[in-house]
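Note: the block below is target-v9.cif and it holds mmCIF, C-alpha atoms.
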data_model
loop_
_atom_site.group_PDB
_atom_site.id
_atom_site.type_symbol
_atom_site.label_atom_id
_atom_site.label_comp_id
_atom_site.auth_asym_id
_atom_site.auth_seq_id
_atom_site.Cartn_x
_atom_site.Cartn_y
_atom_site.Cartn_z
ATOM 1 C CA MET A 1 0.000 0.000 0.000
ATOM 2 C CA PRO A 2 1.098 3.570 -0.396
ATOM 3 C CA THR A 3 2.051 5.165 2.905
ATOM 4 C CA VAL A 4 -0.587 6.862 5.010
ATOM 5 C CA MET A 5 1.145 10.200 4.395
ATOM 6 C CA THR A 6 0.732 9.763 0.652
ATOM 7 C CA HIS A 7 -2.973 9.038 1.012
ATOM 8 C CA ALA A 8 -3.282 12.215 3.093
ATOM 9 C CA VAL A 9 -1.407 14.257 0.460
ATOM 10 C CA VAL A 10 -4.005 13.261 -2.132
ATOM 11 C CA GLY A 11 -6.753 14.461 0.213
ATOM 12 C CA VAL A 12 -4.989 17.779 0.759
ATOM 13 C CA ALA A 13 -4.531 18.213 -2.995
ATOM 14 C CA LEU A 14 -8.234 17.579 -3.569
ATOM 15 C CA ALA A 15 -9.258 20.065 -0.880
ATOM 16 C CA GLN A 16 -6.789 22.689 -2.062
ATOM 17 C CA SER A 17 -8.036 22.271 -5.624
ATOM 18 C CA LEU A 18 -11.794 21.936 -5.092
ATOM 19 C CA ALA A 19 -12.895 23.235 -1.687
ATOM 20 C CA PRO A 20 -14.263 26.767 -1.351
ATOM 21 C CA LEU A 21 -11.486 29.286 -0.655
ATOM 22 C CA ARG A 22 -12.693 30.329 2.798
ATOM 23 C CA LEU A 23 -12.925 26.667 3.883
ATOM 24 C CA ARG A 24 -9.783 25.385 2.214
ATOM 25 C CA SER A 25 -7.597 25.140 5.331
ATOM 26 C CA ARG A 26 -10.220 23.358 7.444
ATOM 27 C CA ALA A 27 -11.300 21.208 4.513
ATOM 28 C CA SER A 28 -7.705 20.093 3.908
ATOM 29 C CA TRP A 29 -7.518 18.416 7.318
ATOM 30 C CA MET A 30 -10.944 16.885 6.955
ATOM 31 C CA VAL A 31 -10.416 15.613 3.416
ATOM 32 C CA ALA A 32 -6.951 14.241 4.269
ATOM 33 C CA THR A 33 -8.669 12.200 6.980
ATOM 34 C CA PHE A 34 -11.185 10.855 4.459
ATOM 35 C CA ALA A 35 -8.317 9.811 2.189
ATOM 36 C CA MET A 36 -6.808 7.749 5.033
ATOM 37 C CA LEU A 37 -10.133 6.397 6.364
ATOM 38 C CA PRO A 38 -10.331 3.191 4.279
ATOM 39 C CA ASP A 39 -7.321 1.759 6.123
ATOM 40 C CA ALA A 40 -9.428 1.642 9.283
ATOM 41 C CA ASP A 41 -10.162 -1.871 8.012
ATOM 42 C CA VAL A 42 -6.858 -3.021 9.525
ATOM 43 C CA ILE A 43 -8.711 -3.296 12.837
ATOM 44 C CA GLY A 44 -10.112 -6.475 11.296
ATOM 45 C CA PHE A 45 -6.714 -8.139 11.699
ATOM 46 C CA VAL A 46 -7.078 -7.827 15.482
ATOM 47 C CA LEU A 47 -10.651 -9.125 15.292
ATOM 48 C CA GLY A 48 -9.702 -12.186 13.250
ATOM 49 C CA VAL A 49 -11.092 -11.007 9.914
ATOM 50 C CA ARG A 50 -9.168 -12.620 7.068
ATOM 51 C CA TYR A 51 -7.395 -10.344 4.602
ATOM 52 C CA GLY A 52 -9.404 -11.557 1.605
ATOM 53 C CA ASP A 53 -12.844 -11.244 3.236
ATOM 54 C CA VAL A 54 -15.172 -8.442 2.169
ATOM 55 C CA LEU A 55 -14.534 -6.846 5.591
ATOM 56 C CA GLY A 56 -10.805 -7.546 5.308
ATOM 57 C CA HIS A 57 -8.037 -5.229 4.229
ATOM 58 C CA ARG A 58 -8.724 -3.543 0.893
ATOM 59 C CA GLY A 59 -12.260 -4.911 1.001
ATOM 60 C CA ILE A 60 -15.443 -2.906 1.363
ATOM 61 C CA THR A 61 -13.777 0.157 2.919
ATOM 62 C CA HIS A 62 -11.795 0.547 -0.299
ATOM 63 C CA SER A 63 -14.886 0.291 -2.526
ATOM 64 C CA LEU A 64 -16.797 2.877 -4.489
ATOM 65 C CA ALA A 65 -19.872 2.063 -2.371
ATOM 66 C CA PHE A 66 -17.961 2.975 0.801
ATOM 67 C CA GLY A 67 -16.895 6.247 -0.819
ATOM 68 C CA ALA A 68 -20.532 6.969 -1.625
ATOM 69 C CA ALA A 69 -21.612 6.113 1.938
ATOM 70 C CA VAL A 70 -18.980 8.461 3.360
ATOM 71 C CA ALA A 71 -20.144 11.203 0.988
ATOM 72 C CA ILE A 72 -23.781 10.694 2.017
ATOM 73 C CA CYS A 73 -22.835 10.924 5.706
ATOM 74 C CA MET A 74 -20.789 14.029 4.952
ATOM 75 C CA ALA A 75 -23.726 15.569 3.069
ATOM 76 C CA ILE A 76 -26.043 14.985 6.026
ATOM 77 C CA TRP A 77 -23.495 16.555 8.386
ATOM 78 C CA ALA A 78 -22.467 19.474 6.139
ATOM 79 C CA ARG A 79 -25.819 20.461 4.699
ATOM 80 C CA GLY A 80 -26.910 22.660 7.611
ATOM 81 C CA ARG A 81 -23.424 23.961 8.351
ATOM 82 C CA PHE A 82 -22.415 25.449 4.990
ATOM 83 C CA THR A 83 -24.038 27.220 2.068
ATOM 84 C CA ALA A 84 -25.451 25.031 -0.709
ATOM 85 C CA GLY A 85 -22.517 25.487 -3.056
ATOM 86 C CA ASP A 86 -19.962 25.009 -0.278
ATOM 87 C CA TRP A 87 -21.368 21.797 1.198
ATOM 88 C CA LYS A 88 -21.688 20.210 -2.233
ATOM 89 C CA ARG A 89 -18.033 20.913 -2.994
ATOM 90 C CA ILE A 90 -16.944 19.538 0.381
ATOM 91 C CA VAL A 91 -19.019 16.393 -0.162
ATOM 92 C CA LEU A 92 -17.413 15.958 -3.588
ATOM 93 C CA CYS A 93 -13.976 16.295 -1.955
ATOM 94 C CA ALA A 94 -14.924 13.704 0.686
ATOM 95 C CA PHE A 95 -16.089 11.230 -1.961
ATOM 96 C CA LEU A 96 -13.069 11.700 -4.206
ATOM 97 C CA ALA A 97 -10.632 11.491 -1.290
ATOM 98 C CA THR A 98 -12.209 8.316 0.054
ATOM 99 C CA ILE A 99 -12.159 6.527 -3.302
ATOM 100 C CA SER A 100 -8.667 7.827 -4.047
ATOM 101 C CA HIS A 101 -7.386 5.456 -1.377
ATOM 102 C CA GLY A 102 -8.427 2.346 -3.267
ATOM 103 C CA LEU A 103 -7.226 3.822 -6.546
ATOM 104 C CA LEU A 104 -3.743 4.384 -5.098
ATOM 105 C CA ASP A 105 -3.689 0.913 -3.566
ATOM 106 C CA ALA A 106 -4.511 -0.569 -6.970
ATOM 107 C CA LEU A 107 -1.380 1.120 -8.322
ATOM 108 C CA ASN A 108 0.974 -0.941 -6.197
ATOM 109 C CA ASN A 109 2.268 -4.462 -6.423
ATOM 110 C CA GLY A 110 1.299 -5.948 -3.074
ATOM 111 C CA GLY A 111 -1.640 -7.683 -1.469
ATOM 112 C CA LEU A 112 -4.690 -9.239 -3.068
ATOM 113 C CA GLY A 113 -5.974 -6.215 -4.952
ATOM 114 C CA VAL A 114 -8.819 -3.813 -4.218
ATOM 115 C CA ALA A 115 -12.513 -4.731 -3.967
ATOM 116 C CA PHE A 116 -13.743 -1.693 -5.890
ATOM 117 C CA PHE A 117 -17.249 -3.082 -6.337
ATOM 118 C CA ALA A 118 -17.850 -4.620 -2.899
ATOM 119 C CA PRO A 119 -20.364 -5.558 -1.589
ATOM 120 C CA PHE A 120 -21.815 -6.331 -5.028
ATOM 121 C CA ASP A 121 -18.726 -8.108 -6.353
ATOM 122 C CA ASP A 122 -16.018 -9.803 -4.260
ATOM 123 C CA ALA A 123 -13.373 -9.624 -7.010
ATOM 124 C CA ARG A 124 -10.186 -7.731 -6.243
ATOM 125 C CA TYR A 125 -8.391 -5.629 -8.800
ATOM 126 C CA PHE A 126 -5.037 -4.052 -9.574
ATOM 127 C CA PHE A 127 -4.449 -1.603 -12.394
ATOM 128 C CA PRO A 128 -2.518 -3.017 -15.372
ATOM 129 C CA VAL A 129 0.425 -0.809 -14.366
ATOM 130 C CA THR A 130 1.618 -0.897 -10.753
ATOM 131 C CA PRO A 131 4.424 1.667 -10.481
ATOM 132 C CA ILE A 132 4.251 2.103 -6.692
ATOM 133 C CA PRO A 133 5.967 -0.672 -4.713
ATOM 134 C CA VAL A 134 4.161 -1.869 -1.600
ATOM 135 C CA SER A 135 5.264 -0.045 1.536
ATOM 136 C CA PRO A 136 6.994 -1.909 4.357
ATOM 137 C CA ILE A 137 4.967 -1.794 7.566
ATOM 138 C CA GLY A 138 6.153 -0.441 10.906
ATOM 139 C CA ALA A 139 9.832 0.215 11.494
ATOM 140 C CA GLY A 140 10.596 -1.337 8.104
ATOM 141 C CA PHE A 141 9.481 1.942 6.591
ATOM 142 C CA PHE A 142 12.719 3.502 7.865
ATOM 143 C CA SER A 143 14.851 1.107 5.825
ATOM 144 C CA SER A 144 16.408 1.421 2.384
ATOM 145 C CA ARG A 145 13.314 -0.361 1.030
ATOM 146 C CA GLY A 146 11.113 2.245 2.710
ATOM 147 C CA ALA A 147 13.178 5.012 1.121
ATOM 148 C CA GLU A 148 12.704 3.373 -2.291
ATOM 149 C CA VAL A 149 8.941 3.225 -1.775
ATOM 150 C CA PHE A 150 8.790 6.831 -0.617
ATOM 151 C CA ALA A 151 10.829 7.985 -3.632
ATOM 152 C CA SER A 152 8.345 6.198 -5.879
ATOM 153 C CA GLU A 153 5.435 7.872 -4.096
ATOM 154 C CA LEU A 154 7.083 11.278 -4.485
ATOM 155 C CA LEU A 155 7.351 10.710 -8.210
ATOM 156 C CA TRP A 156 3.955 9.117 -8.865
ATOM 157 C CA VAL A 157 1.753 10.884 -6.295
ATOM 158 C CA TRP A 158 3.296 13.852 -4.473
ATOM 159 C CA CYS A 159 4.601 15.657 -7.583
ATOM 160 C CA PRO A 160 1.327 15.299 -9.521
ATOM 161 C CA CYS A 161 -0.584 16.481 -6.423
ATOM 162 C CA ALA A 162 1.664 19.546 -6.149
ATOM 163 C CA GLY A 163 1.087 20.180 -9.845
ATOM 164 C CA ALA A 164 -2.687 19.906 -9.382
ATOM 165 C CA ILE A 165 -2.623 22.387 -6.496
ATOM 166 C CA LEU A 166 -0.544 24.860 -8.519
ATOM 167 C CA ALA A 167 -2.768 24.462 -11.580
ATOM 168 C CA ALA A 168 -5.899 25.028 -9.485
ATOM 169 C CA ARG A 169 -4.392 28.169 -7.969
ATOM 170 C CA VAL A 170 -3.465 29.540 -11.374
ATOM 171 C CA LEU A 171 -6.952 28.821 -12.710
ATOM 172 C CA ARG A 172 -8.598 30.408 -9.660
ATOM 173 C CA SER A 173 -6.419 33.520 -9.959
ATOM 174 C CA ARG A 174 -7.876 34.056 -13.434
ATOM 175 C CA GLN A 175 -11.502 33.813 -12.262
ATOM 176 C CA PRO A 176 -13.511 36.759 -10.993
ATOM 177 C CA ALA A 177 -13.385 37.000 -7.172
ATOM 178 C CA ARG A 178 -17.112 36.270 -6.734
ATOM 179 C CA ARG A 179 -16.769 32.750 -8.234
ATOM 180 C CA ARG A 180 -14.118 31.557 -5.763
#
What would you get if you wrote out this structure as structure tokens?
Amino acid sequence: MPTVMTHAVVGVALAQSLAPLRLRSRASWMVATFAMLPDADVIGFVLGVRYGDVLGHRGITHSLAFGAAVAICMAIWARGRFTAGDWKRIVLCAFLATISHGLLDALNNGGLGVAFFAPFDDARYFFPVTPIPVSPIGAGFFSSRGAEVFASELLWVWCPCAGAILAARVLRSRQPARRR
């Protein structure tokens, strides 16, 4: 899997690119959390859930349905707290960040794949190209192998995220102030 920091970076990039300007800082923290949320399934290891089960790692919490459920919960929470345009953009960020987790995991070469269509389909998928090596867990991250993984993540995820943030800022700077 990509490291938890890399999942969070994708969430920050989404919030910085899509969230309303006045909410961008607060949304960045929130959306980064949504990008990391699918890995809460690792609690299943402690509870005896097998890796390949629908409730196992990279199972239902990495699915599009889970992303939609998170977005629905976010919509219910945000609807009375923000203006109509603002809450819709934050909900979109929450959905995209949540599903981004599974998409990144499908870009690496470890595990059983991602159950994108759970609970409707138990099949697990990888993308045809898997440029991100699987991250070592725990202290192994601070090894030469961990450095190799992190370098790959910088290239394949962090740099494109930085580019997306910069592009969004340039595009916003060209829009009239009222549309931000």
Best match for closeness to Val70 (chain A) among A:Val129, A:Leu47, A:Ile99, A:Val9, counting only C-alpha atoms: A:Ile99
Nearby residues (only C-alpha atoms) at most 12 Å from region 80-85 of chain A, same-chain spacing under 4 positions excluded, as a list in words: Leu18, Ala19, Pro20, Leu21, Arg22, Leu23, Ala27, Met74, Ala75, Ile76, Arg89, Ile90, Val91, Leu92, Arg179 and Arg180 of chain A
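For the file at hand, the PyMOL selection byres ((chain A and resi 161) around 10) resolves to Thr6, Val9, Val10, Gly11, Val12, Ala13, Leu14, Gln16, Ser17, Leu154, Leu155, Trp156, Val157, Trp158, Cys159, Pro160, Ala162, Gly163, Ala164, Ile165, Leu166 and Ala167 of chain A.
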Explicit residues for the PyMOL selection byres ((chain A and resi 136-148) around 12) (as a list in words): Met1, Pro2, Thr3, Val4, Met5, Gly110, Gly111, Pro131, Ile132, Pro133, Val134, Ser135, Val149, Phe150, Ala151, Ser152, Glu153, Leu154 and Leu155 of chain A
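With CA of Ala94 (chain A) on one side and CA of Tyr51 (chain A) on the other, the separation reads 25.5 Å.
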Surrounding residues of region 60-67 of chain A excluding itself and chain neighbours under 4 positions, 7 Å, all atoms listed in the file, as a PyMOL selection string: chain A and resi 38+41+54-55+71+95+98-99+101-102+114-119
Step by step, gather every atom of region 141-151 of chain A that the file lists, find the box along x, y and z that holds them, add 5 Å on each side, and finally give centre and edge lengths in Å to one decimal, as lines of an AutoDock Vina configuration file.
center_x = 12.6
center_y = 3.8
center_z = 2.1
size_x = 17.6
size_y = 18.3
size_z = 21.5
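Picture a line from CA of Thr130 (chain A) to CA of Asn109 (chain A); it runs 5.6 Å.
Reported to one decimal place, the separation of CA of Met30 (chain A) from CA of Ala168 (chain A) is 19.0 Å.
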